[in-house]
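Everything below belongs to query00.cif, which stores mmCIF, C-alpha atoms and all ligand atoms; chains and numbers go by the auth columns.
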data_data
#
loop_
_atom_site.group_PDB
_atom_site.id
_atom_site.type_symbol
_atom_site.label_atom_id
_atom_site.label_comp_id
_atom_site.label_asym_id
_atom_site.label_seq_id
_atom_site.Cartn_x
_atom_site.Cartn_y
_atom_site.Cartn_z
_atom_site.B_iso_or_equiv
_atom_site.auth_seq_id
_atom_site.auth_asym_id
ATOM 1 C CA MET A 1 139.856 143.189 38.585 0.00 886 A
ATOM 2 C CA GLU A 2 138.152 140.842 36.040 0.00 887 A
ATOM 3 C CA PRO A 3 136.589 142.446 32.927 0.00 888 A
ATOM 4 C CA ARG A 4 132.837 143.206 33.028 0.00 889 A
ATOM 5 C CA TYR A 5 130.128 144.164 30.544 0.00 890 A
ATOM 6 C CA ASP A 6 130.139 147.927 29.881 0.00 891 A
ATOM 7 C CA ARG A 7 127.683 150.190 31.689 0.00 892 A
ATOM 8 C CA ALA A 8 125.200 150.375 28.783 0.00 893 A
ATOM 9 C CA ALA A 9 125.190 146.572 28.322 0.00 894 A
ATOM 10 C CA ARG A 10 124.494 146.116 32.040 0.00 895 A
ATOM 11 C CA ALA A 11 121.700 148.709 32.030 0.00 896 A
ATOM 12 C CA LEU A 12 120.162 147.206 28.866 0.00 897 A
ATOM 13 C CA HIS A 13 120.281 143.683 30.372 0.00 898 A
ATOM 14 C CA TRP A 14 118.251 144.642 33.443 0.00 899 A
ATOM 15 C CA LEU A 15 115.870 147.038 31.701 0.00 900 A
ATOM 16 C CA ALA A 16 115.059 144.543 28.927 0.00 901 A
ATOM 17 C CA GLY A 17 114.805 141.697 31.485 0.00 902 A
ATOM 18 C CA VAL A 18 112.264 143.497 33.687 0.00 903 A
ATOM 19 C CA LEU A 19 110.223 144.703 30.695 0.00 904 A
ATOM 20 C CA LEU A 20 110.173 141.242 29.054 0.00 905 A
ATOM 21 C CA LEU A 21 109.035 139.493 32.217 0.00 906 A
ATOM 22 C CA GLY A 22 106.390 142.204 32.787 0.00 907 A
ATOM 23 C CA GLN A 23 105.211 141.825 29.183 0.00 908 A
ATOM 24 C CA CYS A 24 104.897 138.033 29.628 0.00 909 A
ATOM 25 C CA ALA A 25 102.845 138.557 32.815 0.00 910 A
ATOM 26 C CA PHE A 26 100.680 141.039 30.876 0.00 911 A
ATOM 27 C CA GLY A 27 100.180 138.490 28.054 0.00 912 A
ATOM 28 C CA TYR A 28 99.081 135.685 30.419 0.00 913 A
ATOM 29 C CA TRP A 29 96.894 138.079 32.409 0.00 914 A
ATOM 30 C CA MET A 30 95.027 138.974 29.189 0.00 915 A
ATOM 31 C CA ASP A 31 93.972 135.313 28.838 0.00 916 A
ATOM 32 C CA GLY A 32 91.466 135.974 31.648 0.00 917 A
ATOM 33 C CA ILE A 33 89.617 138.772 29.788 0.00 918 A
ATOM 34 C CA ALA A 34 86.440 137.675 27.974 0.00 919 A
ATOM 35 C CA ARG A 35 86.805 137.454 24.161 0.00 920 A
ATOM 36 C CA ASN A 36 85.001 139.933 21.859 0.00 921 A
ATOM 37 C CA THR A 37 84.691 142.671 24.494 0.00 922 A
ATOM 38 C CA PRO A 38 85.909 146.295 24.232 0.00 923 A
ATOM 39 C CA GLU A 39 87.984 145.692 27.358 0.00 924 A
ATOM 40 C CA ARG A 40 89.925 142.866 25.665 0.00 925 A
ATOM 41 C CA ALA A 41 90.463 144.952 22.508 0.00 926 A
ATOM 42 C CA PHE A 42 91.838 147.801 24.669 0.00 927 A
ATOM 43 C CA PHE A 43 94.335 145.628 26.540 0.00 928 A
ATOM 44 C CA ILE A 44 95.392 143.606 23.464 0.00 929 A
ATOM 45 C CA ASN A 45 96.249 146.857 21.690 0.00 930 A
ATOM 46 C CA LEU A 46 98.126 148.091 24.739 0.00 931 A
ATOM 47 C CA HIS A 47 100.072 144.802 24.836 0.00 932 A
ATOM 48 C CA LYS A 48 100.864 145.119 21.111 0.00 933 A
ATOM 49 C CA SER A 49 102.031 148.727 21.576 0.00 934 A
ATOM 50 C CA THR A 50 104.271 148.108 24.608 0.00 935 A
ATOM 51 C CA GLY A 51 105.510 144.950 22.820 0.00 936 A
ATOM 52 C CA LEU A 52 106.601 146.949 19.765 0.00 937 A
ATOM 53 C CA LEU A 53 108.499 149.424 21.966 0.00 938 A
ATOM 54 C CA ILE A 54 110.189 146.557 23.815 0.00 939 A
ATOM 55 C CA GLY A 55 111.047 145.143 20.363 0.00 940 A
ATOM 56 C CA LEU A 56 112.963 148.349 19.547 0.00 941 A
ATOM 57 C CA LEU A 57 114.824 148.059 22.849 0.00 942 A
ATOM 58 C CA ILE A 58 115.722 144.445 22.016 0.00 943 A
ATOM 59 C CA LEU A 59 117.077 145.551 18.613 0.00 944 A
ATOM 60 C CA LEU A 60 119.267 148.126 20.383 0.00 945 A
ATOM 61 C CA ARG A 61 120.424 145.456 22.813 0.00 946 A
ATOM 62 C CA ILE A 62 121.317 143.045 19.998 0.00 947 A
ATOM 63 C CA PHE A 63 123.182 145.829 18.159 0.00 948 A
ATOM 64 C CA TRP A 64 125.139 146.559 21.359 0.00 949 A
ATOM 65 C CA HIS A 65 125.941 142.865 21.819 0.00 950 A
ATOM 66 C CA LEU A 66 127.112 142.413 18.218 0.00 951 A
ATOM 67 C CA THR A 67 129.293 145.506 18.127 0.00 952 A
ATOM 68 C CA ARG A 68 131.222 144.869 21.348 0.00 953 A
ATOM 69 C CA PRO A 69 133.261 141.812 22.365 0.00 954 A
ATOM 70 C CA THR A 70 131.977 139.658 25.240 0.00 955 A
ATOM 71 C CA PRO A 71 134.287 140.323 28.219 0.00 956 A
ATOM 72 C CA ARG A 72 136.807 137.527 28.746 0.00 957 A
ATOM 73 C CA TYR A 73 135.737 134.896 31.308 0.00 958 A
ATOM 74 C CA PRO A 74 137.954 134.232 34.364 0.00 959 A
ATOM 75 C CA ILE A 75 140.349 131.318 33.658 0.00 960 A
ATOM 76 C CA THR A 76 138.855 129.533 36.677 0.00 961 A
ATOM 77 C CA LEU A 77 135.604 128.988 34.694 0.00 962 A
ATOM 78 C CA PRO A 78 135.868 125.659 32.800 0.00 963 A
ATOM 79 C CA ARG A 79 135.813 125.916 28.978 0.00 964 A
ATOM 80 C CA GLN A 80 132.599 123.827 28.636 0.00 965 A
ATOM 81 C CA GLN A 81 130.759 126.209 30.981 0.00 966 A
ATOM 82 C CA GLN A 82 131.957 129.200 28.960 0.00 967 A
ATOM 83 C CA TYR A 83 130.647 127.620 25.731 0.00 968 A
ATOM 84 C CA LEU A 84 127.378 126.637 27.434 0.00 969 A
ATOM 85 C CA ALA A 85 126.850 130.215 28.700 0.00 970 A
ATOM 86 C CA LEU A 86 127.598 131.701 25.267 0.00 971 A
ATOM 87 C CA GLY A 87 125.223 129.216 23.591 0.00 972 A
ATOM 88 C CA VAL A 88 122.399 129.897 26.046 0.00 973 A
ATOM 89 C CA HIS A 89 122.866 133.673 25.605 0.00 974 A
ATOM 90 C CA ARG A 90 122.630 133.310 21.829 0.00 975 A
ATOM 91 C CA VAL A 91 119.339 131.381 22.103 0.00 976 A
ATOM 92 C CA LEU A 92 118.047 133.948 24.640 0.00 977 A
ATOM 93 C CA TYR A 93 118.731 136.717 22.113 0.00 978 A
ATOM 94 C CA LEU A 94 116.884 134.762 19.402 0.00 979 A
ATOM 95 C CA LEU A 95 113.863 134.180 21.651 0.00 980 A
ATOM 96 C CA MET A 96 113.842 137.811 22.846 0.00 981 A
ATOM 97 C CA LEU A 97 113.618 138.840 19.198 0.00 982 A
ATOM 98 C CA ALA A 98 111.115 136.115 18.271 0.00 983 A
ATOM 99 C CA MET A 99 108.576 137.490 20.778 0.00 984 A
ATOM 100 C CA PRO A 100 107.903 140.936 19.234 0.00 985 A
ATOM 101 C CA VAL A 101 108.482 139.691 15.666 0.00 986 A
ATOM 102 C CA SER A 102 105.959 136.808 15.896 0.00 987 A
ATOM 103 C CA GLY A 103 103.406 139.093 17.618 0.00 988 A
ATOM 104 C CA TYR A 104 103.875 141.814 15.008 0.00 989 A
ATOM 105 C CA LEU A 105 103.626 139.380 12.078 0.00 990 A
ATOM 106 C CA ALA A 106 100.477 137.748 13.533 0.00 991 A
ATOM 107 C CA SER A 107 98.797 141.170 13.914 0.00 992 A
ATOM 108 C CA ASN A 108 99.342 141.921 10.256 0.00 993 A
ATOM 109 C CA PHE A 109 97.469 138.807 9.157 0.00 994 A
ATOM 110 C CA SER A 110 94.295 139.751 11.047 0.00 995 A
ATOM 111 C CA LYS A 111 91.865 142.492 10.155 0.00 996 A
ATOM 112 C CA TYR A 112 92.571 144.271 13.456 0.00 997 A
ATOM 113 C CA GLY A 113 96.187 145.330 12.805 0.00 998 A
ATOM 114 C CA VAL A 114 97.647 147.433 15.642 0.00 999 A
ATOM 115 C CA LYS A 115 96.093 150.482 17.270 0.00 1000 A
ATOM 116 C CA PHE A 116 99.278 151.994 18.665 0.00 1001 A
ATOM 117 C CA PHE A 117 98.516 152.978 22.265 0.00 1002 A
ATOM 118 C CA ASN A 118 94.843 152.896 21.225 0.00 1003 A
ATOM 119 C CA LEU A 119 95.431 156.184 19.378 0.00 1004 A
ATOM 120 C CA VAL A 120 97.204 155.667 16.055 0.00 1005 A
ATOM 121 C CA VAL A 121 95.894 152.994 13.665 0.00 1006 A
ATOM 122 C CA LEU A 122 98.649 150.980 11.951 0.00 1007 A
ATOM 123 C CA PRO A 123 96.604 149.192 9.254 0.00 1008 A
ATOM 124 C CA PRO A 124 97.630 145.577 8.530 0.00 1009 A
ATOM 125 C CA TRP A 125 99.809 145.072 5.421 0.00 1010 A
ATOM 126 C CA GLY A 126 98.906 141.346 5.151 0.00 1011 A
ATOM 127 C CA SER A 127 95.673 139.575 4.238 0.00 1012 A
ATOM 128 C CA ASP A 128 93.086 138.621 6.876 0.00 1013 A
ATOM 129 C CA ASP A 129 94.181 134.967 6.905 0.00 1014 A
ATOM 130 C CA LYS A 130 93.252 132.814 9.911 0.00 1015 A
ATOM 131 C CA LEU A 131 95.788 130.117 9.023 0.00 1016 A
ATOM 132 C CA ILE A 132 98.807 132.450 8.810 0.00 1017 A
ATOM 133 C CA TYR A 133 97.585 134.388 11.859 0.00 1018 A
ATOM 134 C CA GLY A 134 97.239 131.118 13.790 0.00 1019 A
ATOM 135 C CA ALA A 135 100.770 129.989 12.844 0.00 1020 A
ATOM 136 C CA PHE A 136 102.405 133.232 14.040 0.00 1021 A
ATOM 137 C CA ASN A 137 100.151 133.420 17.104 0.00 1022 A
ATOM 138 C CA GLN A 138 101.104 129.847 18.028 0.00 1023 A
ATOM 139 C CA SER A 139 104.805 130.683 17.508 0.00 1024 A
ATOM 140 C CA HIS A 140 104.317 133.676 19.854 0.00 1025 A
ATOM 141 C CA LYS A 141 102.933 131.358 22.549 0.00 1026 A
ATOM 142 C CA ILE A 142 105.599 128.662 22.099 0.00 1027 A
ATOM 143 C CA ALA A 143 108.430 131.240 22.062 0.00 1028 A
ATOM 144 C CA ALA A 144 107.094 132.664 25.366 0.00 1029 A
ATOM 145 C CA VAL A 145 107.232 129.237 27.056 0.00 1030 A
ATOM 146 C CA LEU A 146 110.741 128.569 25.687 0.00 1031 A
ATOM 147 C CA LEU A 147 111.959 132.037 26.727 0.00 1032 A
ATOM 148 C CA LEU A 148 110.610 131.680 30.266 0.00 1033 A
ATOM 149 C CA THR A 149 112.065 128.167 30.638 0.00 1034 A
ATOM 150 C CA LEU A 150 115.511 129.267 29.464 0.00 1035 A
ATOM 151 C CA VAL A 151 115.392 132.422 31.626 0.00 1036 A
ATOM 152 C CA ALA A 152 114.590 130.218 34.653 0.00 1037 A
ATOM 153 C CA LEU A 153 117.702 128.092 33.947 0.00 1038 A
ATOM 154 C CA HIS A 154 119.769 131.252 33.293 0.00 1039 A
ATOM 155 C CA VAL A 155 118.673 132.737 36.634 0.00 1040 A
ATOM 156 C CA LEU A 156 119.472 129.496 38.487 0.00 1041 A
ATOM 157 C CA ALA A 157 122.962 129.487 36.929 0.00 1042 A
ATOM 158 C CA ALA A 158 123.418 133.181 37.833 0.00 1043 A
ATOM 159 C CA LEU A 159 122.365 132.557 41.454 0.00 1044 A
ATOM 160 C CA TRP A 160 124.720 129.581 41.648 0.00 1045 A
ATOM 161 C CA HIS A 161 127.623 131.797 40.517 0.00 1046 A
ATOM 162 C CA ALA A 162 126.552 134.531 42.971 0.00 1047 A
ATOM 163 C CA TRP A 163 126.673 131.934 45.750 0.00 1048 A
ATOM 164 C CA LEU A 164 130.123 130.721 44.601 0.00 1049 A
ATOM 165 C CA ARG A 165 131.307 134.367 44.505 0.00 1050 A
ATOM 166 C CA ASP A 166 133.409 133.553 41.435 0.00 1051 A
ATOM 167 C CA GLY A 167 132.967 137.017 39.853 0.00 1052 A
ATOM 168 C CA ILE A 168 130.473 135.971 37.120 0.00 1053 A
ATOM 169 C CA PHE A 169 127.528 137.807 38.699 0.00 1054 A
ATOM 170 C CA SER A 170 129.535 141.057 39.019 0.00 1055 A
ATOM 171 C CA ARG A 171 130.051 141.025 35.224 0.00 1056 A
ATOM 172 C CA ILE A 172 126.412 142.095 34.764 0.00 1057 A
ATOM 173 C CA SER A 173 125.443 143.600 38.150 0.00 1058 A
ATOM 174 C CA LEU A 174 124.460 147.264 38.238 0.00 1059 A
ATOM 175 C CA ARG A 175 127.009 148.216 40.865 0.00 1060 A
ATOM 176 C CA PRO A 176 129.191 150.973 39.327 0.00 1061 A
ATOM 177 C CA PHE A 177 132.703 149.641 40.211 0.00 1062 A
HETATM 178 C C1 LIG B . 114.123 138.125 30.841 0.00 1101 B
HETATM 179 C C2 LIG B . 115.145 137.957 31.651 0.00 1101 B
HETATM 180 C C3 LIG B . 116.592 137.830 31.200 0.00 1101 B
HETATM 181 C C4 LIG B . 117.129 137.691 29.949 0.00 1101 B
HETATM 182 C C5 LIG B . 116.391 137.600 28.609 0.00 1101 B
HETATM 183 C C6 LIG B . 118.580 137.621 30.108 0.00 1101 B
HETATM 184 C C7 LIG B . 119.506 137.471 29.067 0.00 1101 B
HETATM 185 C C8 LIG B . 120.872 137.542 29.196 0.00 1101 B
HETATM 186 C C9 LIG B . 121.821 137.539 28.104 0.00 1101 B
HETATM 187 C C10 LIG B . 121.448 137.428 26.621 0.00 1101 B
HETATM 188 C C11 LIG B . 123.077 137.650 28.632 0.00 1101 B
HETATM 189 C C12 LIG B . 124.397 137.711 27.851 0.00 1101 B
HETATM 190 C C13 LIG B . 124.760 139.142 27.573 0.00 1101 B
HETATM 191 C C14 LIG B . 125.761 139.282 26.442 0.00 1101 B
HETATM 192 O O1 LIG B . 126.685 138.485 26.315 0.00 1101 B
HETATM 193 O O2 LIG B . 125.573 140.227 25.641 0.00 1101 B
HETATM 194 C C15 LIG B . 122.924 137.702 30.063 0.00 1101 B
HETATM 195 C C16 LIG B . 123.967 137.781 30.981 0.00 1101 B
HETATM 196 C C17 LIG B . 123.796 137.591 32.330 0.00 1101 B
HETATM 197 N N1 LIG B . 122.601 137.531 33.027 0.00 1101 B
HETATM 198 FE FE1 LIG B . 120.759 137.620 32.230 0.00 1101 B
HETATM 199 N N2 LIG B . 118.888 137.701 31.450 0.00 1101 B
HETATM 200 C C18 LIG B . 117.699 137.838 32.142 0.00 1101 B
HETATM 201 C C19 LIG B . 117.549 137.944 33.504 0.00 1101 B
HETATM 202 C C20 LIG B . 118.562 137.734 34.412 0.00 1101 B
HETATM 203 C C21 LIG B . 118.414 137.645 35.847 0.00 1101 B
HETATM 204 C C22 LIG B . 117.052 137.800 36.585 0.00 1101 B
HETATM 205 C C23 LIG B . 119.642 137.403 36.367 0.00 1101 B
HETATM 206 C C24 LIG B . 120.068 137.180 37.807 0.00 1101 B
HETATM 207 C C25 LIG B . 119.343 136.694 38.761 0.00 1101 B
HETATM 208 C C26 LIG B . 120.593 137.385 35.267 0.00 1101 B
HETATM 209 C C27 LIG B . 121.950 137.185 35.379 0.00 1101 B
HETATM 210 C C28 LIG B . 122.882 137.299 34.370 0.00 1101 B
HETATM 211 C C29 LIG B . 124.315 137.193 34.543 0.00 1101 B
HETATM 212 C C30 LIG B . 125.052 136.937 35.858 0.00 1101 B
HETATM 213 C C31 LIG B . 124.895 137.384 33.273 0.00 1101 B
HETATM 214 C C32 LIG B . 126.394 137.378 32.927 0.00 1101 B
HETATM 215 C C33 LIG B . 126.713 136.008 32.480 0.00 1101 B
HETATM 216 C C34 LIG B . 128.055 135.885 31.786 0.00 1101 B
HETATM 217 O O3 LIG B . 128.825 136.812 31.779 0.00 1101 B
HETATM 218 O O4 LIG B . 128.290 134.798 31.235 0.00 1101 B
HETATM 219 N N3 LIG B . 119.896 137.577 34.094 0.00 1101 B
HETATM 220 N N4 LIG B . 121.561 137.644 30.393 0.00 1101 B
HETATM 221 C C1 LIG B . 108.088 142.161 23.347 0.00 1102 B
HETATM 222 C C2 LIG B . 107.783 141.101 23.698 0.00 1102 B
HETATM 223 C C3 LIG B . 106.480 140.370 23.910 0.00 1102 B
HETATM 224 C C4 LIG B . 106.304 139.432 24.863 0.00 1102 B
HETATM 225 C C5 LIG B . 107.328 138.978 25.896 0.00 1102 B
HETATM 226 C C6 LIG B . 104.936 138.937 24.726 0.00 1102 B
HETATM 227 C C7 LIG B . 104.400 137.946 25.527 0.00 1102 B
HETATM 228 C C8 LIG B . 103.123 137.433 25.394 0.00 1102 B
HETATM 229 C C9 LIG B . 102.568 136.374 26.195 0.00 1102 B
HETATM 230 C C10 LIG B . 103.309 135.624 27.311 0.00 1102 B
HETATM 231 C C11 LIG B . 101.300 136.152 25.768 0.00 1102 B
HETATM 232 C C12 LIG B . 100.299 135.112 26.332 0.00 1102 B
HETATM 233 C C13 LIG B . 100.478 133.824 25.567 0.00 1102 B
HETATM 234 C C14 LIG B . 99.533 132.731 25.970 0.00 1102 B
HETATM 235 O O1 LIG B . 98.407 133.009 26.391 0.00 1102 B
HETATM 236 O O2 LIG B . 99.933 131.542 25.850 0.00 1102 B
HETATM 237 C C15 LIG B . 101.029 137.077 24.693 0.00 1102 B
HETATM 238 C C16 LIG B . 99.835 137.169 24.008 0.00 1102 B
HETATM 239 C C17 LIG B . 99.620 137.980 22.920 0.00 1102 B
HETATM 240 N N1 LIG B . 100.546 138.831 22.342 0.00 1102 B
HETATM 241 FE FE1 LIG B . 102.425 139.217 23.008 0.00 1102 B
HETATM 242 N N2 LIG B . 104.303 139.595 23.688 0.00 1102 B
HETATM 243 C C18 LIG B . 105.217 140.479 23.149 0.00 1102 B
HETATM 244 C C19 LIG B . 105.007 141.326 22.074 0.00 1102 B
HETATM 245 C C20 LIG B . 103.849 141.342 21.309 0.00 1102 B
HETATM 246 C C21 LIG B . 103.645 142.157 20.118 0.00 1102 B
HETATM 247 C C22 LIG B . 104.672 143.137 19.537 0.00 1102 B
HETATM 248 C C23 LIG B . 102.397 141.868 19.639 0.00 1102 B
HETATM 249 C C24 LIG B . 101.693 142.402 18.423 0.00 1102 B
HETATM 250 C C25 LIG B . 102.032 143.498 17.762 0.00 1102 B
HETATM 251 C C26 LIG B . 101.805 140.882 20.541 0.00 1102 B
HETATM 252 C C27 LIG B . 100.542 140.341 20.398 0.00 1102 B
HETATM 253 C C28 LIG B . 99.955 139.445 21.259 0.00 1102 B
HETATM 254 C C29 LIG B . 98.566 138.971 21.137 0.00 1102 B
HETATM 255 C C30 LIG B . 97.549 139.396 20.064 0.00 1102 B
HETATM 256 C C31 LIG B . 98.367 138.061 22.187 0.00 1102 B
HETATM 257 C C32 LIG B . 97.066 137.301 22.520 0.00 1102 B
HETATM 258 C C33 LIG B . 97.114 135.987 21.808 0.00 1102 B
HETATM 259 C C34 LIG B . 95.865 135.142 22.094 0.00 1102 B
HETATM 260 O O3 LIG B . 95.366 135.120 23.219 0.00 1102 B
HETATM 261 O O4 LIG B . 95.452 134.444 21.149 0.00 1102 B
HETATM 262 N N3 LIG B . 102.715 140.581 21.535 0.00 1102 B
HETATM 263 N N4 LIG B . 102.145 137.847 24.480 0.00 1102 B
#
Please rewrite the model in this file as structure tokens.
Amino acid sequence: MEPRYDRAARALHWLAGVLLLGQCAFGYWMDGIARNTPERAFFINLHKSTGLLIGLLILLRIFWHLTRPTPRYPITLPRQQQYLALGVHRVLYLLMLAMPVSGYLASNFSKYGVKFFNLVVLPPWGSDDKLIYGAFNQSHKIAAVLLLTLVALHVLAALWHAWLRDGIFSRISLRPF
């Protein structure tokens, strides 16, 4: 039997994946809410709050990744494909982290800060600076497009391996054996 990711790594992969895609859908859905309304303020704060929690999960996932070796690939997988997969995974980790970090930094350069779950006020530690806010906000938007594009390619590659039945998909699947 070929080596696989451990149970926690597999669970973290799918949990973080579903939450990140849901959070992206949430972000784009918010675009449709009229600006300067209480409804928009409510949902933006909810998005910020769920985003910060997902950020903690991503930190745990990165810690798990860095403290355990990546399971050896089957020798049937060409070297270039192994390097490509490892490179793509590294960029995916960077983009996963960039999402909550850019959002959090942007929030601290606007007078609104974060109202955690619309209950606890986390006052901003930065100045109310439109230029800095705009730069981080723009990075948040660009990182989302890059993340979704790379995830689409990652999923296509995963489905291709599932179709080939070469054992790559089983490395991360939730099946217990
Ligand atoms: C937001 C969505 C997703 C993200 C950010 C993501 C990210 C990642 C990362 C970073 C790894 C490498 C894990 C490590 O080495 O620590 C990985 C592995 C993997 N993912 Fe995803 N993933 C996502 C969704 C999916 C989906 C939907 C599928 C399948 C349809 C999938 C299939 C796989 C497979 C098969 C592997 C193992 C690849 C290998 O061992 O080289 N992923 N994923
Ligand atoms: C954890 C991961 C996160 C993901 C995947 C995510 C994703 C997104 C997406 C896809 C958008 C829509 C972008 C667009 O309209 O082009 C968005 C908007 C936004 N996000 Fe996030 N987000 C995350 C975390 C956060 C955090 C932690 C904060 C702040 C603390 C935040 C603050 C915002 C704000 C304020 C907007 C609205 C920007 C605007 O319309 O000008 N996000 N997010």
request  = Could I get the residue neighbourhood of ligand LIG 1101 (chain B) at 6 Å, counting only C-alpha atoms and all ligand atoms, as a list of chain:residue names?
outcome  =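 Listed by chain and ascending number, the contacts are A:Gly902, A:Leu905, A:Leu906, A:His950, A:Thr955, A:Ala970, A:His974, A:Leu977, A:Tyr978, A:Val1036, A:Val1040, A:Ala1043, A:Leu1044, A:Ile1053, A:Phe1054, A:Arg1056, A:Ile1057.
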Running the PyMOL selection byres (((not hetatm)) within 7 of (chain B and resi 1102)) on this model by hand, what would come out? Give it as a PDB file with C-alpha atoms, in the frame of the given file.
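Generated file (part03.pdb):
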ATOM      1  CA  LEU A 905     110.173 141.242  29.054  1.00  0.00           C
ATOM      2  CA  LEU A 906     109.035 139.493  32.217  1.00  0.00           C
ATOM      3  CA  GLN A 908     105.211 141.825  29.183  1.00  0.00           C
ATOM      4  CA  CYS A 909     104.897 138.033  29.628  1.00  0.00           C
ATOM      5  CA  ALA A 910     102.845 138.557  32.815  1.00  0.00           C
ATOM      6  CA  PHE A 911     100.680 141.039  30.876  1.00  0.00           C
ATOM      7  CA  GLY A 912     100.180 138.490  28.054  1.00  0.00           C
ATOM      8  CA  TYR A 913      99.081 135.685  30.419  1.00  0.00           C
ATOM      9  CA  ASP A 916      93.972 135.313  28.838  1.00  0.00           C
ATOM     10  CA  ILE A 929      95.392 143.606  23.464  1.00  0.00           C
ATOM     11  CA  HIS A 932     100.072 144.802  24.836  1.00  0.00           C
ATOM     12  CA  LYS A 933     100.864 145.119  21.111  1.00  0.00           C
ATOM     13  CA  SER A 934     102.031 148.727  21.576  1.00  0.00           C
ATOM     14  CA  GLY A 936     105.510 144.950  22.820  1.00  0.00           C
ATOM     15  CA  LEU A 937     106.601 146.949  19.765  1.00  0.00           C
ATOM     16  CA  ILE A 939     110.189 146.557  23.815  1.00  0.00           C
ATOM     17  CA  GLY A 940     111.047 145.143  20.363  1.00  0.00           C
ATOM     18  CA  MET A 981     113.842 137.811  22.846  1.00  0.00           C
ATOM     19  CA  MET A 984     108.576 137.490  20.778  1.00  0.00           C
ATOM     20  CA  PRO A 985     107.903 140.936  19.234  1.00  0.00           C
ATOM     21  CA  VAL A 986     108.482 139.691  15.666  1.00  0.00           C
ATOM     22  CA  GLY A 988     103.406 139.093  17.618  1.00  0.00           C
ATOM     23  CA  TYR A 989     103.875 141.814  15.008  1.00  0.00           C
ATOM     24  CA  ALA A 991     100.477 137.748  13.533  1.00  0.00           C
ATOM     25  CA  SER A 992      98.797 141.170  13.914  1.00  0.00           C
ATOM     26  CA  VAL A 999      97.647 147.433  15.642  1.00  0.00           C
ATOM     27  CA  ASN A1022     100.151 133.420  17.104  1.00  0.00           C
ATOM     28  CA  HIS A1025     104.317 133.676  19.854  1.00  0.00           C
ATOM     29  CA  LYS A1026     102.933 131.358  22.549  1.00  0.00           C
ATOM     30  CA  ALA A1029     107.094 132.664  25.366  1.00  0.00           C
TER      31      ALA A1029
END
Sorted per-residue table, stretch 925-980 of chain A near stretch 898-901 of chain A, closest atoms and distance, 9 Å, all atoms listed in the file, as CSV:
residue,atom,partner,partner_atom,distance
A:Ile939,CA,A:Ala901,CA,7.3
A:Leu942,CA,A:Ala901,CA,7.0
A:Ile943,CA,A:Ala901,CA,6.9
A:Arg946,CA,A:His898,CA,7.8
inquiry  = Which polymer residues, whether protein, DNA or RNA, lie within 10 Å of the coordinate (126.9, 150.6, 31.2) when you count all atoms listed in the file? List them as a PyMOL selection string, using the chain letters and numbers from the file.
reply    = chain A and resi 889-898+1057-1061
ask   = With only C-alpha atoms as the basis for distance, which of A:Gly1011, A:Leu1038, A:Tyr1018, A:Val1030 is at the shortest distance from A:Ala983?
value =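 Among A:Gly1011, A:Leu1038, A:Tyr1018, A:Val1030, it is A:Val1030 that comes nearest to A:Ala983.
Taking atom CA of A:Asp1051 as the reference point, atom CA of A:Pro956 is found at 14.9 Å.
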request  = Have a look at atom CA of A:Lys1000 and atom CA of A:Thr935 and let me know their distance in Å, one decimal.
outcome  =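 Spanning atom CA of A:Lys1000 to atom CA of A:Thr935 is a straight-line distance of 11.2 Å.
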ask   = Nearest to A:Ala926: which of A:Thr1034, A:Pro1008, A:Phe1001, A:Gly1052 is it, counting only C-alpha atoms?
value =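 Smallest separation from A:Ala926 among the options: A:Phe1001.
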request  = Using the chain letters and residue numbers of this document, give as an MDAnalysis selection string the residues selected by the PyMOL selection byres (((chain A and resi 1003) around 8) and not hetatm).
outcome  = chainID A and resid 927 930:931 1000:1002 1004:1006
request  = Please measure the separation of atom CA of A:Leu938 and atom CA of A:Pro1009, giving the value in Å to one decimal.
outcome  = 17.7 Å
request  = Could you tell me which of A:Leu969, A:Leu945, A:Leu962, A:Met915 comes closest to A:Leu1049 if we count only C-alpha atoms?
outcome  = A:Leu962
